[in-house]
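Below is final.cif, which holds mmCIF, N, CA and C atoms.
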data_data
loop_
_atom_site.label_atom_id
_atom_site.label_comp_id
_atom_site.auth_asym_id
_atom_site.auth_seq_id
_atom_site.Cartn_x
_atom_site.Cartn_y
_atom_site.Cartn_z
N MET A 1 167.55 28.59 -134.03
CA MET A 1 168.05 28.73 -132.67
C MET A 1 168.36 27.35 -132.10
N GLY A 2 169.62 27.13 -131.86
CA GLY A 2 170.05 25.83 -131.38
C GLY A 2 169.92 25.71 -129.88
N LEU A 3 170.28 24.55 -129.39
CA LEU A 3 170.17 24.27 -127.97
C LEU A 3 171.21 25.04 -127.17
N MET A 4 172.42 25.24 -127.74
CA MET A 4 173.51 25.92 -127.03
C MET A 4 173.73 27.33 -127.59
N ASN A 5 172.68 28.01 -127.98
CA ASN A 5 172.80 29.26 -128.72
C ASN A 5 172.77 30.51 -127.83
N ALA A 6 172.55 30.36 -126.53
CA ALA A 6 172.32 31.50 -125.65
C ALA A 6 173.50 32.47 -125.65
N ARG A 7 174.73 31.95 -125.58
CA ARG A 7 175.91 32.80 -125.51
C ARG A 7 176.03 33.66 -126.77
N LYS A 8 175.77 33.03 -127.91
CA LYS A 8 175.86 33.74 -129.18
C LYS A 8 174.80 34.85 -129.27
N LEU A 9 173.59 34.57 -128.80
CA LEU A 9 172.52 35.56 -128.83
C LEU A 9 172.84 36.75 -127.92
N VAL A 10 173.39 36.49 -126.75
CA VAL A 10 173.76 37.56 -125.82
C VAL A 10 174.84 38.43 -126.44
N LYS A 11 175.84 37.79 -127.04
CA LYS A 11 176.95 38.52 -127.68
C LYS A 11 176.45 39.39 -128.83
N LYS A 12 175.54 38.83 -129.63
CA LYS A 12 174.99 39.55 -130.78
C LYS A 12 174.16 40.76 -130.31
N ARG A 13 173.36 40.55 -129.27
CA ARG A 13 172.53 41.64 -128.73
C ARG A 13 173.42 42.77 -128.20
N LYS A 14 174.53 42.40 -127.52
CA LYS A 14 175.48 43.39 -126.99
C LYS A 14 176.08 44.22 -128.12
N LYS A 15 176.41 43.54 -129.21
CA LYS A 15 177.03 44.21 -130.35
C LYS A 15 176.07 45.19 -131.01
N PHE A 16 174.83 44.78 -131.20
CA PHE A 16 173.89 45.62 -131.94
C PHE A 16 173.24 46.70 -131.09
N ARG A 17 173.46 46.69 -129.77
CA ARG A 17 172.96 47.77 -128.94
C ARG A 17 173.64 49.08 -129.31
N TRP A 18 174.87 49.00 -129.82
CA TRP A 18 175.62 50.22 -130.15
C TRP A 18 175.03 50.97 -131.33
N SER A 19 174.15 50.33 -132.10
CA SER A 19 173.49 51.05 -133.19
C SER A 19 172.31 51.88 -132.67
N ASN A 20 171.91 51.67 -131.42
CA ASN A 20 170.86 52.45 -130.79
C ASN A 20 171.48 53.75 -130.24
N ARG A 21 171.02 54.91 -130.72
CA ARG A 21 171.62 56.19 -130.38
C ARG A 21 171.51 56.50 -128.88
N ASP A 22 170.34 56.22 -128.29
CA ASP A 22 170.15 56.50 -126.86
C ASP A 22 171.13 55.71 -126.00
N TYR A 23 171.33 54.45 -126.34
CA TYR A 23 172.27 53.61 -125.59
C TYR A 23 173.68 54.16 -125.70
N LYS A 24 174.07 54.56 -126.91
CA LYS A 24 175.42 55.05 -127.15
C LYS A 24 175.69 56.34 -126.36
N VAL A 25 174.73 57.28 -126.43
CA VAL A 25 174.88 58.56 -125.72
C VAL A 25 174.97 58.34 -124.21
N ARG A 26 174.12 57.44 -123.70
CA ARG A 26 174.11 57.16 -122.27
C ARG A 26 175.40 56.48 -121.81
N THR A 27 175.86 55.51 -122.56
CA THR A 27 177.03 54.73 -122.17
C THR A 27 178.32 55.54 -122.26
N MET A 28 178.44 56.33 -123.32
CA MET A 28 179.67 57.11 -123.50
C MET A 28 179.63 58.47 -122.79
N LYS A 29 178.50 58.74 -122.09
CA LYS A 29 178.30 59.99 -121.34
C LYS A 29 178.52 61.22 -122.22
N LEU A 30 177.96 61.18 -123.44
CA LEU A 30 178.15 62.26 -124.39
C LEU A 30 177.42 63.53 -123.99
N LYS A 31 176.30 63.39 -123.28
CA LYS A 31 175.53 64.57 -122.88
C LYS A 31 176.30 65.39 -121.85
N GLU A 32 176.92 64.72 -120.90
CA GLU A 32 177.71 65.44 -119.87
C GLU A 32 178.92 66.12 -120.49
N LYS A 33 179.52 65.48 -121.50
CA LYS A 33 180.71 66.05 -122.13
C LYS A 33 180.38 67.30 -122.92
N SER A 34 179.21 67.33 -123.56
CA SER A 34 178.85 68.47 -124.39
C SER A 34 178.10 69.56 -123.63
N ASP A 35 177.75 69.31 -122.37
CA ASP A 35 176.94 70.25 -121.59
C ASP A 35 177.79 71.43 -121.13
N PRO A 36 177.40 72.68 -121.49
CA PRO A 36 178.21 73.83 -121.09
C PRO A 36 178.22 74.09 -119.59
N LEU A 37 177.13 73.70 -118.87
CA LEU A 37 177.10 73.92 -117.43
C LEU A 37 177.78 72.80 -116.64
N LYS A 38 178.19 71.74 -117.32
CA LYS A 38 178.86 70.60 -116.68
C LYS A 38 178.04 70.03 -115.53
N ARG A 39 176.77 69.71 -115.82
CA ARG A 39 175.85 69.01 -114.93
C ARG A 39 175.43 69.81 -113.70
N SER A 40 175.74 71.10 -113.64
CA SER A 40 175.25 71.90 -112.52
C SER A 40 173.94 72.58 -112.92
N TRP A 41 173.18 73.01 -111.92
CA TRP A 41 171.87 73.60 -112.18
C TRP A 41 171.99 75.00 -112.74
N GLN A 42 172.91 75.77 -112.15
CA GLN A 42 173.04 77.17 -112.51
C GLN A 42 174.49 77.49 -112.76
N ALA A 43 174.73 78.63 -113.45
CA ALA A 43 176.11 79.05 -113.71
C ALA A 43 176.15 80.57 -113.79
N LYS A 44 177.31 81.12 -113.43
CA LYS A 44 177.52 82.56 -113.49
C LYS A 44 178.20 82.91 -114.79
N GLY A 45 177.83 84.06 -115.36
CA GLY A 45 178.43 84.46 -116.63
C GLY A 45 178.37 85.97 -116.80
N ILE A 46 179.05 86.44 -117.83
CA ILE A 46 179.09 87.85 -118.17
C ILE A 46 178.33 88.05 -119.48
N VAL A 47 177.45 89.06 -119.52
CA VAL A 47 176.67 89.34 -120.73
C VAL A 47 177.59 89.97 -121.77
N ILE A 48 177.63 89.37 -122.96
CA ILE A 48 178.45 89.88 -124.06
C ILE A 48 177.62 90.80 -124.94
N SER A 49 176.42 90.34 -125.30
CA SER A 49 175.56 91.17 -126.16
C SER A 49 174.11 90.76 -125.95
N LYS A 50 173.20 91.65 -126.35
CA LYS A 50 171.78 91.36 -126.31
C LYS A 50 171.27 91.24 -127.75
N PHE A 51 170.31 90.36 -127.97
CA PHE A 51 169.74 90.20 -129.30
C PHE A 51 168.30 89.74 -129.18
N GLN A 52 167.59 89.78 -130.30
CA GLN A 52 166.21 89.33 -130.35
C GLN A 52 166.11 88.12 -131.27
N LYS A 53 165.30 87.16 -130.87
CA LYS A 53 165.12 85.95 -131.66
C LYS A 53 163.65 85.85 -132.02
N GLU A 54 163.40 85.53 -133.28
CA GLU A 54 162.02 85.42 -133.73
C GLU A 54 161.43 84.11 -133.24
N ALA A 55 160.17 84.18 -132.76
CA ALA A 55 159.50 82.99 -132.26
C ALA A 55 159.13 82.07 -133.41
N ALA A 56 159.05 80.78 -133.09
CA ALA A 56 158.72 79.78 -134.11
C ALA A 56 157.23 79.86 -134.45
N GLN A 57 156.86 79.31 -135.59
CA GLN A 57 155.47 79.27 -136.04
C GLN A 57 154.62 78.54 -135.01
N PRO A 58 153.37 78.86 -134.80
CA PRO A 58 152.56 79.88 -135.44
C PRO A 58 152.67 81.24 -134.77
N ASN A 59 153.53 81.40 -133.76
CA ASN A 59 153.65 82.67 -133.06
C ASN A 59 154.49 83.66 -133.86
N SER A 60 154.26 84.95 -133.61
CA SER A 60 155.09 85.96 -134.26
C SER A 60 155.45 87.00 -133.20
N ALA A 61 156.59 86.80 -132.58
CA ALA A 61 157.06 87.73 -131.55
C ALA A 61 158.57 87.75 -131.60
N MET A 62 159.14 88.81 -131.04
CA MET A 62 160.60 88.90 -130.93
C MET A 62 160.95 88.61 -129.47
N ARG A 63 161.55 87.46 -129.22
CA ARG A 63 161.93 87.07 -127.87
C ARG A 63 163.27 87.72 -127.52
N LYS A 64 163.35 88.33 -126.35
CA LYS A 64 164.57 89.04 -125.94
C LYS A 64 165.55 88.04 -125.33
N CYS A 65 166.77 88.02 -125.86
CA CYS A 65 167.78 87.07 -125.42
C CYS A 65 169.11 87.82 -125.23
N CYS A 66 170.07 87.12 -124.66
CA CYS A 66 171.41 87.70 -124.54
C CYS A 66 172.43 86.58 -124.67
N LYS A 67 173.62 86.96 -125.11
CA LYS A 67 174.72 86.01 -125.23
C LYS A 67 175.56 86.14 -123.96
N VAL A 68 175.80 85.02 -123.30
CA VAL A 68 176.48 85.00 -122.01
C VAL A 68 177.74 84.15 -122.11
N GLN A 69 178.86 84.69 -121.61
CA GLN A 69 180.09 83.90 -121.53
C GLN A 69 180.24 83.40 -120.11
N LEU A 70 180.30 82.08 -119.95
CA LEU A 70 180.36 81.47 -118.63
C LEU A 70 181.70 81.72 -117.98
N VAL A 71 181.69 81.95 -116.67
CA VAL A 71 182.93 82.21 -115.93
C VAL A 71 183.72 80.92 -115.76
N LYS A 72 183.02 79.79 -115.53
CA LYS A 72 183.69 78.55 -115.17
C LYS A 72 184.52 77.94 -116.30
N ASN A 73 184.07 78.09 -117.58
CA ASN A 73 184.83 77.46 -118.66
C ASN A 73 184.95 78.32 -119.91
N GLY A 74 184.43 79.55 -119.89
CA GLY A 74 184.60 80.45 -121.02
C GLY A 74 183.71 80.16 -122.22
N LYS A 75 182.79 79.19 -122.11
CA LYS A 75 181.89 78.89 -123.23
C LYS A 75 180.81 79.96 -123.34
N GLN A 76 180.35 80.19 -124.56
CA GLN A 76 179.31 81.18 -124.79
C GLN A 76 177.99 80.47 -125.08
N VAL A 77 176.94 80.91 -124.39
CA VAL A 77 175.61 80.32 -124.58
C VAL A 77 174.59 81.44 -124.74
N GLY A 78 173.47 81.11 -125.36
CA GLY A 78 172.37 82.06 -125.48
C GLY A 78 171.42 81.85 -124.31
N ALA A 79 170.93 82.97 -123.74
CA ALA A 79 170.02 82.88 -122.60
C ALA A 79 168.82 83.79 -122.84
N PHE A 80 167.64 83.28 -122.50
CA PHE A 80 166.39 84.02 -122.64
C PHE A 80 166.23 84.96 -121.45
N ILE A 81 165.69 86.17 -121.70
CA ILE A 81 165.44 87.13 -120.63
C ILE A 81 163.93 87.16 -120.40
N PRO A 82 163.42 86.47 -119.33
CA PRO A 82 161.98 86.38 -119.13
C PRO A 82 161.42 87.63 -118.45
N GLY A 83 160.19 87.97 -118.76
CA GLY A 83 159.52 89.09 -118.12
C GLY A 83 159.28 90.24 -119.08
N ASN A 84 158.22 91.00 -118.82
CA ASN A 84 157.84 92.13 -119.65
C ASN A 84 158.82 93.29 -119.42
N LEU A 85 159.48 93.74 -120.48
CA LEU A 85 160.48 94.82 -120.43
C LEU A 85 161.67 94.49 -119.52
N ALA A 86 161.96 93.20 -119.34
CA ALA A 86 163.06 92.80 -118.47
C ALA A 86 164.42 93.08 -119.09
N GLN A 87 164.48 93.23 -120.44
CA GLN A 87 165.77 93.44 -121.09
C GLN A 87 166.37 94.78 -120.71
N LYS A 88 165.56 95.71 -120.14
CA LYS A 88 166.09 97.01 -119.70
C LYS A 88 167.06 96.85 -118.54
N PHE A 89 166.87 95.80 -117.75
CA PHE A 89 167.69 95.60 -116.55
C PHE A 89 168.96 94.81 -116.82
N VAL A 90 169.08 94.27 -118.03
CA VAL A 90 170.27 93.50 -118.39
C VAL A 90 171.09 94.31 -119.38
N ASP A 91 172.31 94.69 -118.97
CA ASP A 91 173.20 95.46 -119.83
C ASP A 91 174.43 94.64 -120.15
N GLU A 92 175.20 95.10 -121.14
CA GLU A 92 176.45 94.41 -121.46
C GLU A 92 177.40 94.52 -120.27
N HIS A 93 178.22 93.49 -120.09
CA HIS A 93 179.23 93.38 -119.02
C HIS A 93 178.60 93.23 -117.64
N ASP A 94 177.29 92.94 -117.57
CA ASP A 94 176.67 92.63 -116.29
C ASP A 94 176.96 91.18 -115.94
N GLU A 95 176.99 90.91 -114.64
CA GLU A 95 177.17 89.55 -114.17
C GLU A 95 175.79 88.93 -113.96
N VAL A 96 175.52 87.84 -114.64
CA VAL A 96 174.21 87.20 -114.54
C VAL A 96 174.37 85.75 -114.10
N ILE A 97 173.30 85.23 -113.53
CA ILE A 97 173.24 83.80 -113.21
C ILE A 97 172.17 83.20 -114.11
N ILE A 98 172.52 82.13 -114.81
CA ILE A 98 171.58 81.48 -115.72
C ILE A 98 171.25 80.09 -115.21
N GLU A 99 170.09 79.60 -115.64
CA GLU A 99 169.69 78.23 -115.33
C GLU A 99 169.04 77.62 -116.57
N ARG A 100 168.86 76.31 -116.53
CA ARG A 100 168.22 75.64 -117.66
C ARG A 100 166.74 76.01 -117.72
N ILE A 101 166.23 76.16 -118.94
CA ILE A 101 164.81 76.44 -119.10
C ILE A 101 164.01 75.18 -118.79
N GLY A 102 164.51 74.03 -119.17
CA GLY A 102 163.84 72.79 -118.84
C GLY A 102 162.86 72.33 -119.89
N GLY A 103 163.26 72.37 -121.15
CA GLY A 103 162.44 71.80 -122.21
C GLY A 103 162.58 70.29 -122.20
N LYS A 104 161.88 69.63 -123.14
CA LYS A 104 161.92 68.18 -123.15
C LYS A 104 163.31 67.67 -123.54
N GLN A 105 163.81 66.74 -122.78
CA GLN A 105 165.10 66.08 -123.01
C GLN A 105 166.25 67.08 -123.14
N GLY A 106 166.20 68.16 -122.35
CA GLY A 106 167.29 69.13 -122.35
C GLY A 106 167.33 70.03 -123.56
N ARG A 107 166.28 69.99 -124.37
CA ARG A 107 166.23 70.82 -125.56
C ARG A 107 165.58 72.16 -125.25
N ALA A 108 165.46 73.00 -126.29
CA ALA A 108 164.85 74.31 -126.12
C ALA A 108 163.38 74.16 -125.78
N LYS A 109 162.85 75.16 -125.08
CA LYS A 109 161.46 75.09 -124.62
C LYS A 109 160.60 76.07 -125.39
N GLY A 110 159.38 75.66 -125.66
CA GLY A 110 158.41 76.55 -126.28
C GLY A 110 158.78 76.93 -127.70
N ASP A 111 158.64 78.23 -128.02
CA ASP A 111 158.86 78.67 -129.39
C ASP A 111 160.19 79.41 -129.56
N ILE A 112 161.11 79.26 -128.62
CA ILE A 112 162.41 79.93 -128.74
C ILE A 112 163.43 78.87 -129.14
N ARG A 113 163.70 78.77 -130.42
CA ARG A 113 164.59 77.72 -130.91
C ARG A 113 166.04 78.00 -130.56
N GLY A 114 166.74 76.96 -130.10
CA GLY A 114 168.17 77.07 -129.87
C GLY A 114 168.57 77.73 -128.57
N ILE A 115 167.62 78.17 -127.77
CA ILE A 115 167.92 78.82 -126.49
C ILE A 115 167.53 77.85 -125.38
N ARG A 116 168.52 77.42 -124.59
CA ARG A 116 168.26 76.41 -123.57
C ARG A 116 168.38 76.93 -122.15
N PHE A 117 168.74 78.21 -122.00
CA PHE A 117 168.96 78.77 -120.67
C PHE A 117 168.17 80.06 -120.51
N GLN A 118 167.96 80.47 -119.24
CA GLN A 118 167.29 81.74 -118.98
C GLN A 118 168.00 82.46 -117.85
N VAL A 119 167.91 83.78 -117.86
CA VAL A 119 168.55 84.61 -116.85
C VAL A 119 167.64 84.65 -115.62
N ILE A 120 168.22 84.43 -114.42
CA ILE A 120 167.42 84.53 -113.21
C ILE A 120 167.91 85.63 -112.28
N LYS A 121 169.19 85.99 -112.36
CA LYS A 121 169.72 87.06 -111.51
C LYS A 121 170.62 87.97 -112.32
N VAL A 122 170.59 89.27 -111.99
CA VAL A 122 171.46 90.27 -112.61
C VAL A 122 172.16 91.00 -111.49
N ASN A 123 173.50 90.92 -111.47
CA ASN A 123 174.30 91.55 -110.40
C ASN A 123 173.77 91.18 -109.01
N ASP A 124 173.51 89.90 -108.81
CA ASP A 124 173.01 89.34 -107.54
C ASP A 124 171.65 89.89 -107.12
N GLN A 125 170.87 90.40 -108.06
CA GLN A 125 169.50 90.84 -107.79
C GLN A 125 168.56 89.95 -108.61
N PRO A 126 167.53 89.38 -107.99
CA PRO A 126 166.59 88.55 -108.76
C PRO A 126 165.90 89.35 -109.86
N LEU A 127 165.89 88.82 -111.07
CA LEU A 127 165.36 89.54 -112.21
C LEU A 127 163.86 89.81 -112.08
N HIS A 128 163.10 88.85 -111.56
CA HIS A 128 161.65 89.05 -111.45
C HIS A 128 161.31 90.15 -110.45
N ARG A 129 162.16 90.34 -109.43
CA ARG A 129 161.92 91.43 -108.47
C ARG A 129 162.23 92.78 -109.11
N LEU A 130 163.26 92.82 -109.97
CA LEU A 130 163.59 94.05 -110.68
C LEU A 130 162.45 94.46 -111.61
N VAL A 131 161.87 93.47 -112.30
CA VAL A 131 160.78 93.73 -113.23
C VAL A 131 159.55 94.25 -112.48
N GLN A 132 159.28 93.67 -111.29
CA GLN A 132 158.14 94.10 -110.51
C GLN A 132 158.34 95.50 -109.92
N GLY A 133 159.59 95.95 -109.86
CA GLY A 133 159.88 97.27 -109.27
C GLY A 133 160.06 97.24 -107.78
N LYS A 134 160.23 96.05 -107.20
CA LYS A 134 160.38 95.93 -105.75
C LYS A 134 161.77 96.38 -105.29
N ILE A 135 162.80 96.16 -106.15
CA ILE A 135 164.16 96.55 -105.80
C ILE A 135 164.79 97.26 -106.99
N GLU A 136 165.91 97.94 -106.73
CA GLU A 136 166.65 98.60 -107.79
C GLU A 136 167.88 97.77 -108.15
N LYS A 137 168.37 97.99 -109.34
CA LYS A 137 169.52 97.23 -109.83
C LYS A 137 170.78 97.62 -109.06
N GLY A 138 171.53 96.63 -108.64
CA GLY A 138 172.75 96.87 -107.87
C GLY A 138 173.90 97.32 -108.75
N ARG A 139 174.77 98.12 -108.19
CA ARG A 139 175.96 98.59 -108.90
C ARG A 139 177.06 97.55 -108.78
N ARG A 140 177.93 97.51 -109.77
CA ARG A 140 179.06 96.58 -109.73
C ARG A 140 180.34 97.35 -109.89
#
As structure tokens, what does this structure read like?
Amino acid sequence: MGLMNARKLVKKRKKFRWSNRDYKVRTMKLKEKSDPLKRSWQAKGIVISKFQKEAAQPNSAMRKCCKVQLVKNGKQVGAFIPGNLAQKFVDEHDEVIIERIGGKQGRAKGDIRGIRFQVIKVNDQPLHRLVQGKIEKGRR
């Protein structure tokens, strides 16, 4: 390291920061570009189909999920249906509102692999209220 080496060290550090994945993703805003909700908290979509996903080890359960096509950009995402027997209230062609589940670093949460969203409303009725039996499902 010479006496006049500071400029060269700064330049070298700038160059090699691009090999750091976190820096690259943050600088090029890759997460926002690949995000189906486009940085919003919630999104409206239409249910295409319902399916069950097997829970990851060591659990053994069939998690109830549905495939949702977003209204804003037409992308299809998988969404978890929370609540005991809640899948009865979600039918095909229903309008649902989904939100992020909130796993670590935007990834899937718990033992449901690949599912990053959950259903919170069905036809403008809160899903947890439908499950509790407080209200009936609205017609569309």
Quiz item: If you run DSSP on the backbone, which residues of segment 70-110 of chain A are strand (DSSP E or B), as a ChimeraX atom specification?
Solution: /A:70,76-80,95-100
Quiz prompt | One-decimal distance in Å that lies between atom C of Val96 of chain A and atom C of Lys121 of chain A | solution =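 Going from atom C of Lys121 of chain A over to atom C of Val96 of chain A, I get 4.7 Å.
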Quiz item: What's the 7 Å shell around Asn123 of chain A, counting all atoms listed in the file, without same-chain residues fewer than 6 positions away, as a PyMOL selection string?
Solution: chain A and resi 94-97+138-140
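In this structure, atom CA of Lys53 of chain A sits 8.3 Å away from atom CA of Arg113 of chain A.
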Quiz item: Written as number ranges by chain, which residues does the PyMOL selection byres ((chain A and resi 76-93) around 6) give for the file shown?
Solution: A: 46-49, 64-70, 74-75, 94-95, 115-119, 131
With N, CA and C atoms retained, export the selected residues as a PDB file, in the frame of the given file.
ATOM      1  N   ILE A  46     179.050  86.440-117.830  1.00  0.00           N
ATOM      2  CA  ILE A  46     179.090  87.850-118.170  1.00  0.00           C
ATOM      3  C   ILE A  46     178.330  88.050-119.480  1.00  0.00           C
ATOM      4  N   VAL A  47     177.450  89.060-119.520  1.00  0.00           N
ATOM      5  CA  VAL A  47     176.670  89.340-120.730  1.00  0.00           C
ATOM      6  C   VAL A  47     177.590  89.970-121.770  1.00  0.00           C
ATOM      7  N   ILE A  48     177.630  89.370-122.960  1.00  0.00           N
ATOM      8  CA  ILE A  48     178.450  89.880-124.060  1.00  0.00           C
ATOM      9  C   ILE A  48     177.620  90.800-124.940  1.00  0.00           C
ATOM     10  N   SER A  49     176.420  90.340-125.300  1.00  0.00           N
ATOM     11  CA  SER A  49     175.560  91.170-126.160  1.00  0.00           C
ATOM     12  C   SER A  49     174.110  90.760-125.950  1.00  0.00           C
ATOM     13  N   LYS A  64     163.350  88.330-126.350  1.00  0.00           N
ATOM     14  CA  LYS A  64     164.570  89.040-125.940  1.00  0.00           C
ATOM     15  C   LYS A  64     165.550  88.040-125.330  1.00  0.00           C
ATOM     16  N   CYS A  65     166.770  88.020-125.860  1.00  0.00           N
ATOM     17  CA  CYS A  65     167.780  87.070-125.420  1.00  0.00           C
ATOM     18  C   CYS A  65     169.110  87.820-125.230  1.00  0.00           C
ATOM     19  N   CYS A  66     170.070  87.120-124.660  1.00  0.00           N
ATOM     20  CA  CYS A  66     171.410  87.700-124.540  1.00  0.00           C
ATOM     21  C   CYS A  66     172.430  86.580-124.670  1.00  0.00           C
ATOM     22  N   LYS A  67     173.620  86.960-125.110  1.00  0.00           N
ATOM     23  CA  LYS A  67     174.720  86.010-125.230  1.00  0.00           C
ATOM     24  C   LYS A  67     175.560  86.140-123.960  1.00  0.00           C
ATOM     25  N   VAL A  68     175.800  85.020-123.300  1.00  0.00           N
ATOM     26  CA  VAL A  68     176.480  85.000-122.010  1.00  0.00           C
ATOM     27  C   VAL A  68     177.740  84.150-122.110  1.00  0.00           C
ATOM     28  N   GLN A  69     178.860  84.690-121.610  1.00  0.00           N
ATOM     29  CA  GLN A  69     180.090  83.900-121.530  1.00  0.00           C
ATOM     30  C   GLN A  69     180.240  83.400-120.110  1.00  0.00           C
ATOM     31  N   LEU A  70     180.300  82.080-119.950  1.00  0.00           N
ATOM     32  CA  LEU A  70     180.360  81.470-118.630  1.00  0.00           C
ATOM     33  C   LEU A  70     181.700  81.720-117.980  1.00  0.00           C
ATOM     34  N   GLY A  74     184.430  79.550-119.890  1.00  0.00           N
ATOM     35  CA  GLY A  74     184.600  80.450-121.020  1.00  0.00           C
ATOM     36  C   GLY A  74     183.710  80.160-122.220  1.00  0.00           C
ATOM     37  N   LYS A  75     182.790  79.190-122.110  1.00  0.00           N
ATOM     38  CA  LYS A  75     181.890  78.890-123.230  1.00  0.00           C
ATOM     39  C   LYS A  75     180.810  79.960-123.340  1.00  0.00           C
ATOM     40  N   ASP A  94     177.290  92.940-117.570  1.00  0.00           N
ATOM     41  CA  ASP A  94     176.670  92.630-116.290  1.00  0.00           C
ATOM     42  C   ASP A  94     176.960  91.180-115.940  1.00  0.00           C
ATOM     43  N   GLU A  95     176.990  90.910-114.640  1.00  0.00           N
ATOM     44  CA  GLU A  95     177.170  89.550-114.170  1.00  0.00           C
ATOM     45  C   GLU A  95     175.790  88.930-113.960  1.00  0.00           C
ATOM     46  N   ILE A 115     167.620  78.170-127.770  1.00  0.00           N
ATOM     47  CA  ILE A 115     167.920  78.820-126.490  1.00  0.00           C
ATOM     48  C   ILE A 115     167.530  77.850-125.380  1.00  0.00           C
ATOM     49  N   ARG A 116     168.520  77.420-124.590  1.00  0.00           N
ATOM     50  CA  ARG A 116     168.260  76.410-123.570  1.00  0.00           C
ATOM     51  C   ARG A 116     168.380  76.930-122.150  1.00  0.00           C
ATOM     52  N   PHE A 117     168.740  78.210-122.000  1.00  0.00           N
ATOM     53  CA  PHE A 117     168.960  78.770-120.670  1.00  0.00           C
ATOM     54  C   PHE A 117     168.170  80.060-120.510  1.00  0.00           C
ATOM     55  N   GLN A 118     167.960  80.470-119.240  1.00  0.00           N
ATOM     56  CA  GLN A 118     167.290  81.740-118.980  1.00  0.00           C
ATOM     57  C   GLN A 118     168.000  82.460-117.850  1.00  0.00           C
ATOM     58  N   VAL A 119     167.910  83.780-117.860  1.00  0.00           N
ATOM     59  CA  VAL A 119     168.550  84.610-116.850  1.00  0.00           C
ATOM     60  C   VAL A 119     167.640  84.650-115.620  1.00  0.00           C
ATOM     61  N   VAL A 131     161.870  93.470-112.300  1.00  0.00           N
ATOM     62  CA  VAL A 131     160.780  93.730-113.230  1.00  0.00           C
ATOM     63  C   VAL A 131     159.550  94.250-112.480  1.00  0.00           C
TER      64      VAL A 131
END
Quiz item: Once the PyMOL selection byres ((chain A and resi 32-41) around 6.5) has been applied to the shown file, what residues remain in the selection, as a list in words?
Solution: Lys29, Leu30, Lys31, Gln42, Ala43, Ile98, Glu99 and Arg100 of chain A
Self-check item: One-decimal distance in Å that lies between atom CA of Gly114 of chain A and atom CA of Phe51 of chain A
Solution: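 Distance between the two atoms: 13.2 Å.
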Quiz item: Taking the backbone alone, and naming residues the way the document does, which bits of segment 14-99 of chain A are helix (DSSP H, G or I) by DSSP, as a PyMOL selection string?
Solution: chain A and resi 14-19+21-28+30-34+86-89
